[in-house]
>>> print(open('entry-v5.cif').read())   # mmCIF, C-alpha atoms and all ligand atoms
data_protein
loop_
_atom_site.label_atom_id
_atom_site.label_comp_id
_atom_site.auth_asym_id
_atom_site.auth_seq_id
_atom_site.Cartn_x
_atom_site.Cartn_y
_atom_site.Cartn_z
CA MET A 505 0.00 0.00 0.00
CA ALA A 506 1.26 3.42 -0.95
CA ARG A 507 2.04 5.69 1.95
CA THR A 508 0.52 9.17 1.68
CA PHE A 509 2.64 12.12 2.76
CA GLU A 510 1.03 15.42 3.63
CA ILE A 511 3.00 18.37 2.33
CA ALA A 512 2.31 21.81 3.78
CA VAL A 513 2.64 24.32 0.93
CA PHE A 514 3.33 28.01 1.40
CA GLN A 515 3.00 29.67 -2.00
CA GLY A 516 4.15 32.97 -0.51
CA ASP A 517 4.58 36.28 -2.28
CA GLY A 518 6.03 37.67 -5.50
CA ILE A 519 7.36 34.95 -7.79
CA GLY A 520 6.58 32.34 -5.10
CA PRO A 521 3.34 31.10 -6.70
CA GLU A 522 4.94 31.26 -10.16
CA VAL A 523 7.69 28.78 -9.26
CA ILE A 524 5.80 26.56 -6.83
CA ALA A 525 2.74 25.78 -8.99
CA PRO A 526 4.68 24.08 -11.81
CA THR A 527 6.91 22.37 -9.22
CA LEU A 528 3.87 20.78 -7.58
CA SER A 529 2.73 19.50 -10.97
CA LEU A 530 6.13 17.83 -11.51
CA LEU A 531 5.83 16.23 -8.06
CA ASP A 532 2.30 15.07 -8.89
CA GLU A 533 3.55 13.38 -12.04
CA LEU A 534 6.28 11.55 -10.13
CA ALA A 535 3.88 10.47 -7.38
CA GLU A 536 1.30 9.27 -9.91
CA GLY A 537 3.88 6.92 -11.35
CA SER A 538 4.71 5.50 -7.93
CA ARG A 539 3.28 2.54 -6.08
CA ALA A 540 5.27 3.30 -2.93
CA TYR A 541 4.02 6.76 -2.05
CA SER A 542 1.53 9.50 -2.82
CA LEU A 543 1.57 13.18 -1.94
CA ARG A 544 -1.22 15.37 -0.60
CA PHE A 545 -0.59 19.11 -0.79
CA ILE A 546 -2.15 21.40 1.81
CA ASP A 547 -2.15 25.06 0.81
CA LEU A 548 -1.46 27.31 3.79
CA PRO A 549 -1.80 31.09 3.91
CA ALA A 550 1.07 33.26 5.16
CA GLY A 551 3.30 36.06 3.93
CA ALA A 552 3.31 39.75 3.21
CA GLY A 553 0.29 39.63 0.90
CA HIS A 554 -1.69 37.76 3.52
CA TYR A 555 -0.62 40.33 6.11
CA ALA A 556 -1.77 43.18 3.88
CA THR A 557 -5.28 41.77 3.64
CA THR A 558 -5.71 40.22 7.10
CA GLY A 559 -3.20 41.87 9.45
CA GLU A 560 -1.63 38.45 10.08
CA ALA A 561 1.64 37.29 8.48
CA LEU A 562 1.68 33.76 9.87
CA PRO A 563 -1.70 32.54 11.18
CA ALA A 564 -1.62 30.13 14.11
CA ALA A 565 -3.70 27.68 12.04
CA SER A 566 -1.00 27.64 9.35
CA ILE A 567 1.69 26.95 11.95
CA ALA A 568 -0.37 24.10 13.42
CA ALA A 569 -1.06 22.53 10.02
CA ALA A 570 2.60 22.84 9.00
CA ARG A 571 3.67 21.20 12.26
CA ASP A 572 1.42 18.21 11.60
CA ALA A 573 2.48 17.82 7.97
CA ASP A 574 5.21 15.37 6.90
CA ALA A 575 7.22 18.18 5.27
CA ILE A 576 6.93 21.85 4.39
CA LEU A 577 7.48 23.31 0.93
CA LEU A 578 7.84 27.08 0.77
CA ALA A 579 8.47 29.37 -2.18
CA ALA A 580 9.38 32.86 -0.96
CA MET A 581 7.83 35.46 1.33
CA GLY A 582 8.06 39.21 1.89
CA LEU A 583 7.41 42.30 -0.20
CA PRO A 584 9.28 45.61 -0.22
CA THR A 585 6.01 47.55 -0.05
CA VAL A 586 4.46 45.68 2.89
CA ARG A 587 6.07 46.00 6.30
CA TYR A 588 5.14 45.79 9.95
CA PRO A 589 4.21 49.13 11.56
CA ASP A 590 7.71 49.41 13.08
CA GLY A 591 9.22 49.18 9.60
CA THR A 592 10.67 45.67 9.89
CA GLU A 593 10.36 43.18 7.04
CA ILE A 594 7.71 40.49 7.02
CA THR A 595 9.65 37.21 7.06
CA PRO A 596 7.41 34.37 8.30
CA GLN A 597 9.91 31.88 6.86
CA ILE A 598 12.33 32.89 9.64
CA ASP A 599 9.56 32.60 12.23
CA LEU A 600 8.92 29.04 11.00
CA ARG A 601 12.58 28.23 11.51
CA MET A 602 12.36 29.33 15.14
CA GLU A 603 8.89 27.86 15.71
CA PHE A 604 9.95 24.35 14.61
CA GLY A 605 13.57 24.51 15.79
CA LEU A 606 14.96 24.02 12.28
CA TYR A 607 18.58 24.28 13.38
CA ALA A 608 20.29 22.68 10.38
CA GLY A 609 20.20 24.80 7.23
CA LEU A 610 21.44 22.67 4.35
CA ARG A 611 22.69 24.51 1.25
CA PRO A 612 24.19 22.25 -1.40
CA VAL A 613 26.69 24.04 -3.64
CA GLN A 614 26.95 22.20 -6.89
CA ILE A 615 28.34 23.44 -10.20
CA ARG A 616 27.53 21.17 -13.10
CA PRO A 617 28.49 21.46 -16.74
CA GLY A 618 26.43 24.19 -18.38
CA GLN A 619 25.81 26.05 -15.15
CA PRO A 620 26.43 29.83 -15.52
CA THR A 621 29.15 29.99 -12.85
CA PRO A 622 31.41 33.05 -12.76
CA LEU A 623 34.33 30.70 -11.98
CA ARG A 624 36.65 29.37 -14.66
CA LEU A 625 36.78 25.66 -14.02
CA ASP A 626 39.39 24.90 -16.67
CA GLY A 627 40.52 21.74 -14.97
CA GLY A 628 36.96 20.43 -15.15
CA GLN A 629 36.92 19.71 -11.41
CA PRO A 630 33.39 18.91 -10.27
CA VAL A 631 32.19 21.27 -7.54
CA ASP A 632 29.81 19.56 -5.16
CA PHE A 633 29.85 20.38 -1.48
CA ALA A 634 27.30 20.98 1.26
CA LEU A 635 27.13 23.97 3.53
CA VAL A 636 25.37 23.37 6.85
CA ARG A 637 24.30 26.57 8.53
CA GLU A 638 23.08 26.65 12.12
CA SER A 639 19.81 28.56 11.78
CA THR A 640 18.38 29.33 15.22
CA GLU A 641 21.12 31.03 17.28
CA GLY A 642 24.70 32.25 16.71
CA LEU A 643 25.05 35.88 15.72
CA PHE A 644 21.38 36.04 14.73
CA PHE A 645 20.29 35.24 18.28
CA THR A 646 20.43 38.98 18.75
CA LEU A 647 17.46 39.60 16.41
CA GLY A 648 15.39 42.36 17.99
CA LYS A 649 17.48 42.27 21.18
CA GLY A 650 20.24 44.72 20.27
CA GLU A 651 20.86 47.72 22.50
CA VAL A 652 21.45 50.99 20.73
CA GLY A 653 22.45 54.03 22.78
CA ALA A 654 23.54 57.47 21.61
CA ASP A 655 27.23 56.53 21.38
CA GLU A 656 27.31 52.78 21.49
CA ALA A 657 25.45 49.76 20.18
CA ARG A 658 25.71 46.14 21.32
CA GLU A 659 24.40 42.85 20.01
CA THR A 660 24.53 39.37 21.54
CA LEU A 661 26.04 36.17 20.15
CA ARG A 662 24.75 32.90 21.59
CA ILE A 663 26.05 29.39 21.05
CA THR A 664 24.49 26.52 23.01
CA ARG A 665 25.95 23.07 23.60
CA ARG A 666 22.57 21.44 22.93
CA THR A 667 22.04 22.92 19.48
CA SER A 668 25.72 22.67 18.50
CA GLU A 669 25.83 18.95 19.29
CA LYS A 670 22.75 18.30 17.14
CA LEU A 671 24.12 20.49 14.36
CA PHE A 672 27.47 18.67 14.27
CA ARG A 673 25.83 15.23 14.36
CA PHE A 674 23.72 16.33 11.40
CA ALA A 675 26.89 17.40 9.54
CA PHE A 676 28.73 14.12 10.25
CA GLU A 677 25.70 12.01 9.28
CA LEU A 678 25.47 14.03 6.08
CA ALA A 679 29.13 13.36 5.31
CA ARG A 680 28.46 9.62 5.66
CA LYS A 681 25.39 9.84 3.42
CA ARG A 682 27.29 11.81 0.77
CA ARG A 683 30.08 9.25 0.82
CA GLU A 684 27.56 6.43 0.33
CA GLU A 685 26.09 8.33 -2.62
CA GLY A 686 29.53 8.85 -4.14
CA LYS A 687 29.33 12.62 -3.68
CA GLY A 688 31.95 13.13 -1.01
CA ARG A 689 34.90 11.51 0.68
CA GLY A 690 33.47 11.64 4.22
CA HIS A 691 34.95 14.86 5.54
CA VAL A 692 33.58 17.71 7.68
CA THR A 693 35.13 21.16 8.12
CA CYS A 694 34.10 23.35 11.04
CA VAL A 695 34.02 26.99 9.90
CA ASP A 696 34.41 29.53 12.69
CA LYS A 697 36.42 32.43 14.03
CA ALA A 698 37.81 30.64 17.04
CA ASN A 699 40.89 32.85 17.11
CA VAL A 700 38.85 35.95 17.97
CA PHE A 701 35.61 34.89 19.65
CA ARG A 702 35.67 32.68 22.72
CA ALA A 703 32.13 31.59 21.80
CA PHE A 704 33.48 30.13 18.55
CA ALA A 705 36.32 28.39 20.38
CA PHE A 706 33.54 26.79 22.47
CA PHE A 707 31.73 25.89 19.22
CA ARG A 708 34.91 24.31 17.83
CA GLY A 709 35.50 22.37 21.06
CA ILE A 710 32.04 20.78 20.79
CA PHE A 711 32.75 19.98 17.13
CA ASP A 712 35.89 18.06 18.16
CA GLU A 713 33.92 16.12 20.78
CA ILE A 714 31.24 15.08 18.28
CA ALA A 715 33.93 14.21 15.70
CA ARG A 716 35.08 11.42 18.06
CA GLU A 717 31.67 9.73 17.61
CA TYR A 718 32.44 9.44 13.87
CA PRO A 719 35.89 7.84 13.54
CA ASP A 720 35.12 6.91 9.91
CA VAL A 721 34.66 10.57 8.95
CA THR A 722 37.69 12.86 8.78
CA HIS A 723 37.49 16.45 10.01
CA ASP A 724 39.32 19.75 10.21
CA HIS A 725 38.73 23.44 11.04
CA ALA A 726 39.03 26.67 9.10
CA TYR A 727 38.41 30.36 9.74
CA VAL A 728 35.48 31.89 7.92
CA ASP A 729 37.65 34.47 6.12
CA ALA A 730 39.93 31.74 4.75
CA ILE A 731 36.93 29.66 3.65
CA SER A 732 35.58 32.67 1.72
CA LEU A 733 38.84 32.84 -0.21
CA TRP A 734 38.98 29.08 -0.82
CA MET A 735 35.34 28.93 -1.94
CA VAL A 736 36.48 31.03 -4.90
CA GLU A 737 39.96 29.56 -5.35
CA ARG A 738 39.32 25.84 -4.90
CA PRO A 739 35.65 25.09 -4.21
CA TRP A 740 36.14 21.51 -5.46
CA SER A 741 38.19 20.70 -2.35
CA PHE A 742 35.26 20.78 0.13
CA ASP A 743 32.87 18.08 1.26
CA VAL A 744 30.72 19.23 4.21
CA LEU A 745 31.20 22.68 5.77
CA VAL A 746 29.41 23.39 9.06
CA THR A 747 29.12 26.85 10.58
CA GLU A 748 27.11 29.25 12.72
CA ASN A 749 24.13 31.30 11.61
CA MET A 750 25.47 34.57 10.21
CA PHE A 751 28.64 33.11 8.69
CA GLY A 752 26.37 30.53 7.07
CA ASP A 753 24.02 33.22 5.79
CA ILE A 754 26.88 35.03 4.08
CA LEU A 755 28.59 31.89 2.75
CA SER A 756 25.25 30.64 1.33
CA ASP A 757 24.96 33.73 -0.83
CA LEU A 758 28.56 33.29 -1.93
CA GLY A 759 27.71 29.68 -2.75
CA ALA A 760 24.61 30.74 -4.71
CA GLY A 761 26.79 33.20 -6.63
CA LEU A 762 29.24 30.43 -7.53
CA MET A 763 26.34 28.28 -8.70
CA GLY A 764 25.24 30.95 -11.15
CA GLY A 765 22.75 32.87 -9.08
CA LEU A 766 19.86 32.65 -6.66
CA GLY A 767 17.57 31.11 -9.27
CA LEU A 768 19.66 27.90 -9.16
CA ALA A 769 20.27 27.47 -5.43
CA PRO A 770 18.02 25.17 -3.36
CA SER A 771 17.94 24.81 0.43
CA ALA A 772 16.50 22.82 3.30
CA ASP A 773 15.97 23.78 6.95
CA ILE A 774 15.87 20.68 9.06
CA GLY A 775 14.96 20.09 12.71
CA ASP A 776 14.28 17.03 14.85
CA ALA A 777 10.61 16.67 13.89
CA ASN A 778 10.00 19.04 10.96
CA ALA A 779 11.77 20.08 7.78
CA LEU A 780 11.20 22.96 5.39
CA PHE A 781 12.40 23.13 1.80
CA GLN A 782 12.70 26.39 -0.11
CA PRO A 783 14.77 28.05 -2.82
CA CYS A 784 17.49 30.46 -1.62
CA HIS A 785 15.98 33.33 -3.59
CA GLY A 786 13.49 35.89 -2.36
CA THR A 787 10.29 37.13 -3.95
CA ALA A 788 12.06 38.94 -6.83
CA PRO A 789 9.57 41.84 -7.03
CA ASP A 790 11.35 43.22 -10.12
CA ILE A 791 10.30 40.29 -12.33
CA VAL A 792 7.01 39.25 -10.76
CA GLY A 793 4.07 38.40 -13.04
CA ARG A 794 6.14 38.18 -16.20
CA GLY A 795 6.80 34.47 -16.39
CA LEU A 796 10.56 35.03 -16.19
CA ALA A 797 11.41 33.40 -12.86
CA ASN A 798 13.85 30.53 -12.98
CA PRO A 799 12.10 27.54 -11.32
CA ILE A 800 15.28 25.43 -10.94
CA ALA A 801 15.98 26.40 -7.29
CA MET A 802 12.38 25.55 -6.35
CA VAL A 803 12.40 22.27 -8.28
CA LEU A 804 15.72 21.20 -6.70
CA SER A 805 14.37 22.11 -3.24
CA ALA A 806 11.37 19.84 -3.90
CA GLY A 807 13.84 17.11 -4.89
CA MET A 808 15.65 17.57 -1.57
CA MET A 809 12.28 17.14 0.15
CA LEU A 810 11.68 13.78 -1.55
CA ASP A 811 15.19 12.69 -0.60
CA TRP A 812 14.67 13.71 3.03
CA LEU A 813 11.28 11.93 3.22
CA GLY A 814 12.74 8.84 1.58
CA THR A 815 15.70 8.72 3.97
CA ARG A 816 13.56 9.37 7.04
CA HIS A 817 10.89 6.81 6.20
CA GLY A 818 13.07 4.26 4.45
CA ILE A 819 11.25 4.50 1.10
CA SER A 820 13.82 4.04 -1.64
CA GLU A 821 11.40 5.07 -4.38
CA LEU A 822 11.25 8.60 -2.93
CA ARG A 823 15.02 8.82 -3.06
CA GLU A 824 15.03 7.49 -6.61
CA ASP A 825 12.52 10.15 -7.63
CA ALA A 826 14.67 12.79 -5.93
CA ALA A 827 17.61 11.58 -8.00
CA ARG A 828 15.39 11.70 -11.08
CA ILE A 829 14.62 15.39 -10.48
CA ASP A 830 18.29 16.12 -9.88
CA GLY A 831 19.36 14.21 -12.97
CA ALA A 832 16.74 15.97 -15.13
CA VAL A 833 17.93 19.41 -14.02
CA GLY A 834 21.53 18.33 -14.61
CA SER A 835 20.80 17.23 -18.15
CA VAL A 836 18.86 20.42 -18.98
CA LEU A 837 21.82 22.46 -17.72
CA GLY A 838 24.29 20.30 -19.62
CA GLU A 839 22.40 20.51 -22.91
CA GLY A 840 22.24 24.29 -22.51
CA ASN A 841 19.32 24.72 -24.91
CA VAL A 842 16.94 26.22 -22.39
CA ARG A 843 18.20 29.07 -20.22
CA THR A 844 16.16 31.62 -18.30
CA ARG A 845 17.15 35.28 -18.28
CA ASP A 846 19.12 35.06 -15.04
CA MET A 847 21.19 32.33 -16.78
CA GLY A 848 21.86 34.61 -19.72
CA GLY A 849 19.13 33.14 -21.91
CA THR A 850 15.73 34.22 -23.15
CA HIS A 851 13.47 31.44 -21.90
CA GLY A 852 10.74 31.72 -19.30
CA THR A 853 9.49 29.65 -16.38
CA GLU A 854 7.25 27.48 -18.58
CA ASP A 855 10.03 26.66 -21.05
CA MET A 856 12.30 25.56 -18.23
CA ILE A 857 9.62 23.41 -16.60
CA THR A 858 8.82 21.77 -19.94
CA ALA A 859 12.50 21.00 -20.48
CA ILE A 860 12.82 19.49 -16.99
CA ARG A 861 9.63 17.45 -17.46
CA THR A 862 10.87 16.10 -20.79
CA ALA A 863 14.25 15.18 -19.30
CA MET A 864 12.53 13.53 -16.34
CA GLN A 865 10.40 11.37 -18.66
CA ARG A 866 13.52 10.37 -20.56
CA VAL A 867 15.23 9.02 -17.46
CA SER A 868 12.19 7.16 -16.12
P1 LIG A 901 14.95 38.60 0.10
O1 LIG A 901 15.01 39.87 0.82
O2 LIG A 901 13.59 37.98 0.08
O3 LIG A 901 16.06 37.66 0.43
P2 LIG A 901 16.46 39.58 -2.08
O4 LIG A 901 16.23 41.00 -2.39
O5 LIG A 901 17.65 39.18 -1.34
O6 LIG A 901 15.14 38.99 -1.43
P3 LIG A 901 15.54 38.29 -4.47
O7 LIG A 901 14.15 38.71 -4.22
O8 LIG A 901 15.75 36.85 -4.56
O9 LIG A 901 16.55 38.76 -3.41
O10 LIG A 901 16.05 38.98 -5.79
C1 LIG A 901 17.39 39.36 -6.02
C2 LIG A 901 17.63 39.44 -7.54
O11 LIG A 901 17.68 38.12 -8.08
C3 LIG A 901 16.49 40.15 -8.27
O12 LIG A 901 16.99 40.91 -9.33
C4 LIG A 901 15.64 39.01 -8.78
O13 LIG A 901 14.94 39.32 -9.96
C5 LIG A 901 16.67 37.92 -9.05
N1 LIG A 901 16.05 36.60 -8.83
C6 LIG A 901 15.76 36.03 -7.64
N2 LIG A 901 15.20 34.84 -7.80
C7 LIG A 901 15.12 34.62 -9.12
C8 LIG A 901 14.63 33.54 -9.92
N3 LIG A 901 14.10 32.43 -9.40
N4 LIG A 901 14.73 33.67 -11.27
C9 LIG A 901 15.25 34.76 -11.82
N5 LIG A 901 15.73 35.80 -11.13
C10 LIG A 901 15.68 35.75 -9.79
MG MG A 902 18.20 38.17 0.48
#
>>> encode(input="entry-v5.cif", output="structure tokens")
Amino acid sequence: MARTFEIAVFQGDGIGPEVIAPTLSLLDELAEGSRAYSLRFIDLPAGAGHYATTGEALPAASIAAARDADAILLAAMGLPTVRYPDGTEITPQIDLRMEFGLYAGLRPVQIRPGQPTPLRLDGGQPVDFALVRESTEGLFFTLGKGEVGADEARETLRITRRTSEKLFRFAFELARKRREEGKGRGHVTCVDKANVFRAFAFFRGIFDEIAREYPDVTHDHAYVDAISLWMVERPWSFDVLVTENMFGDILSDLGAGLMGGLGLAPSADIGDANALFQPCHGTAPDIVGRGLANPIAMVLSAGMMLDWLGTRHGISELREDAARIDGAVGSVLGEGNVRTRDMGGTHGTEDMITAIRTAMQRVS
């Protein structure tokens, strides 16, 4: 009997609905062809548009339904024209991270043939590493808690043993999984600034403790400034990088830049009980409603969701379908016939989805 998974869907704002709708239809097609699983999508309201009409950015009912779902798929939220009365941005996606304790932010950085990377990869080295960003504390713990006086401002950095241990175990497990899949050699690098901040020396100390639980996985440390240089100079040398919240935020955008832009970069935010999958890009107000958005980041995020569900519930067909999505995107990139504007081409969202669908049918 096929197992049904309930997927909480936040269409969000801006280009969100434009990239998520065709992604759901791709998922439907995969699920229809499967005897092992089916998917039920539950549309949940939230976001800046919802706030503008109702005064609520993230209704309690949406949080409750997302909590009960098997996974959460989110497009993008927030609009430059809609803000809270105090002027702050409406970012329910960050509230969800805190609400569900989604401490492990997974950002794969992969550059495949045909990808519009600004790097010159003359040697043909494949770039495929995973950045794991702690997403609930670190330098972002200070959110809304900063003290600003007339002559001085202070913010707070917080690292906890509890979250750090879980984060590092996630990173080491990921290194094992990547090695099994032939994507990595089983290596984790702790990225910090332990030479300046005692809190990051504490972070590194916990990393070393957890590393002892994984004798089959090698590990080392690097400072965040050095990693920024090496991400440009030799990005093929990494396997799993694990870091705190703000360093991870910055390195993710650097990673997205290396991949050829935000339209190509997927992500997952994973906790103990819940997981949320969303593209790295925002709502792209400048191109909304014109059919120009690149759906690749959203499609790859949906693929990560299938992989996570398949791993968690031991359903190999979900992982095979995740690989099918990934392979289809890879072959569309490699052929190079269909490229959206952000990739230097002239195609739109529909063209890209059609190309991915065709490639997916070829490999099934
Ligand atoms: P946020 O504040 O939500 O993070 P942002 O301002 O950082 O948003 P985006 O809204 O993602 O970033 O847009 C940044 C630029 O990238 C814009 O010019 C936008 O058009 C472009 N962009 C973002 N996502 C896509 C996409 N999927 N396809 C094409 N272009 C995109
Ligand atoms: Mg941004």
>>> residues_near_ligand(input="entry-v5.cif", ligand="ligand MG 902 (chain A)", cutoff="9 Å", atoms="only C-alpha atoms and all ligand atoms", output="ChimeraX atom specification")
/A:757,784-786
>>> atom_distance(input="entry-v5.cif", atom1="atom CA of Lys687 of chain A", atom2="atom CA of Val744 of chain A")
10.4 Å
>>> closest_residue(input="entry-v5.cif", among="A:Glu839, A:Asp830, A:Glu685, A:Glu669", to="Leu804 of chain A", atoms="all atoms listed in the file")
A:Asp830
>>> residues_around(input="entry-v5.cif", residues="Gln597 of chain A", least_positions_apart="3", cutoff="7 Å", atoms="all atoms listed in the file", output="VMD selection string")
chain A and resid 581 600 to 601
>>> closest_residue(input="entry-v5.cif", among="A:Arg673, A:Arg843, A:Arg738, A:Arg866", to="ligand LIG 901 (chain A)", atoms="only C-alpha atoms and all ligand atoms")
A:Arg843
>>> closest_residue(input="entry-v5.cif", among="A:Ile860, A:Ala703, A:Leu635, A:Met602", to="Gly831 of chain A", atoms="all atoms listed in the file")
A:Ile860
>>> residues_near_ligand(input="entry-v5.cif", ligand="ligand LIG 901 (chain A)", cutoff="6 Å", atoms="only C-alpha atoms and all ligand atoms", output="number ranges by chain")
A: 582, 766-767, 785-788, 790-791, 797-799, 846
>>> write_last_selection(input="entry-v5.cif", atoms="C-alpha atoms", output="mmCIF file, in the coordinates of the input")
data_model
loop_
_atom_site.group_PDB
_atom_site.id
_atom_site.type_symbol
_atom_site.label_atom_id
_atom_site.label_comp_id
_atom_site.auth_asym_id
_atom_site.auth_seq_id
_atom_site.Cartn_x
_atom_site.Cartn_y
_atom_site.Cartn_z
ATOM 1 C CA GLY A 582 8.060 39.210 1.890
ATOM 2 C CA LEU A 766 19.860 32.650 -6.660
ATOM 3 C CA GLY A 767 17.570 31.110 -9.270
ATOM 4 C CA HIS A 785 15.980 33.330 -3.590
ATOM 5 C CA GLY A 786 13.490 35.890 -2.360
ATOM 6 C CA THR A 787 10.290 37.130 -3.950
ATOM 7 C CA ALA A 788 12.060 38.940 -6.830
ATOM 8 C CA ASP A 790 11.350 43.220 -10.120
ATOM 9 C CA ILE A 791 10.300 40.290 -12.330
ATOM 10 C CA ALA A 797 11.410 33.400 -12.860
ATOM 11 C CA ASN A 798 13.850 30.530 -12.980
ATOM 12 C CA PRO A 799 12.100 27.540 -11.320
ATOM 13 C CA ASP A 846 19.120 35.060 -15.040
#
>>> closest_residue(input="entry-v5.cif", among="A:Arg637, A:Ser529, A:Asp776, A:Leu643", to="Gly609 of chain A", atoms="all atoms listed in the file")
A:Arg637
>>> residues_around(input="entry-v5.cif", residues="Asp599 of chain A", least_positions_apart="4", cutoff="10 Å", atoms="all atoms listed in the file", output="CSV table (one decimal) with C-alpha atoms, in the coordinates of the input")
chain,number,residue,atom,x,y,z
A,561,ALA,CA,1.6,37.3,8.5
A,562,LEU,CA,1.7,33.8,9.9
A,567,ILE,CA,1.7,27.0,12.0
A,594,ILE,CA,7.7,40.5,7.0
A,595,THR,CA,9.6,37.2,7.1
A,603,GLU,CA,8.9,27.9,15.7
A,604,PHE,CA,10.0,24.4,14.6
A,605,GLY,CA,13.6,24.5,15.8
A,640,THR,CA,18.4,29.3,15.2
>>> residues_around(input="entry-v5.cif", residues="segment 715-727 of chain A", least_positions_apart="5", cutoff="9 Å", atoms="all atoms listed in the file", output="PDB file with C-alpha atoms, keeping the file's coordinate frame")
ATOM      1  CA  PHE A 672      27.470  18.670  14.270  1.00  0.00           C
ATOM      2  CA  ARG A 673      25.830  15.230  14.360  1.00  0.00           C
ATOM      3  CA  PHE A 676      28.730  14.120  10.250  1.00  0.00           C
ATOM      4  CA  GLU A 677      25.700  12.010   9.280  1.00  0.00           C
ATOM      5  CA  ALA A 679      29.130  13.360   5.310  1.00  0.00           C
ATOM      6  CA  ARG A 680      28.460   9.620   5.660  1.00  0.00           C
ATOM      7  CA  ARG A 689      34.900  11.510   0.680  1.00  0.00           C
ATOM      8  CA  GLY A 690      33.470  11.640   4.220  1.00  0.00           C
ATOM      9  CA  HIS A 691      34.950  14.860   5.540  1.00  0.00           C
ATOM     10  CA  VAL A 692      33.580  17.710   7.680  1.00  0.00           C
ATOM     11  CA  THR A 693      35.130  21.160   8.120  1.00  0.00           C
ATOM     12  CA  CYS A 694      34.100  23.350  11.040  1.00  0.00           C
ATOM     13  CA  VAL A 695      34.020  26.990   9.900  1.00  0.00           C
ATOM     14  CA  ASP A 696      34.410  29.530  12.690  1.00  0.00           C
ATOM     15  CA  LYS A 697      36.420  32.430  14.030  1.00  0.00           C
ATOM     16  CA  ALA A 698      37.810  30.640  17.040  1.00  0.00           C
ATOM     17  CA  ASN A 699      40.890  32.850  17.110  1.00  0.00           C
ATOM     18  CA  ARG A 708      34.910  24.310  17.830  1.00  0.00           C
ATOM     19  CA  ILE A 710      32.040  20.780  20.790  1.00  0.00           C
ATOM     20  CA  SER A 732      35.580  32.670   1.720  1.00  0.00           C
TER      21      SER A 732
END
>>> residues_around(input="entry-v5.cif", residues="Val523 of chain A", least_positions_apart="2", cutoff="7 Å", atoms="all atoms listed in the file", output="list of chain:residue names")
A:Ile519, A:Gly520, A:Pro521, A:Ala525, A:Pro526, A:Thr527, A:Ala797, A:Pro799, A:Met802
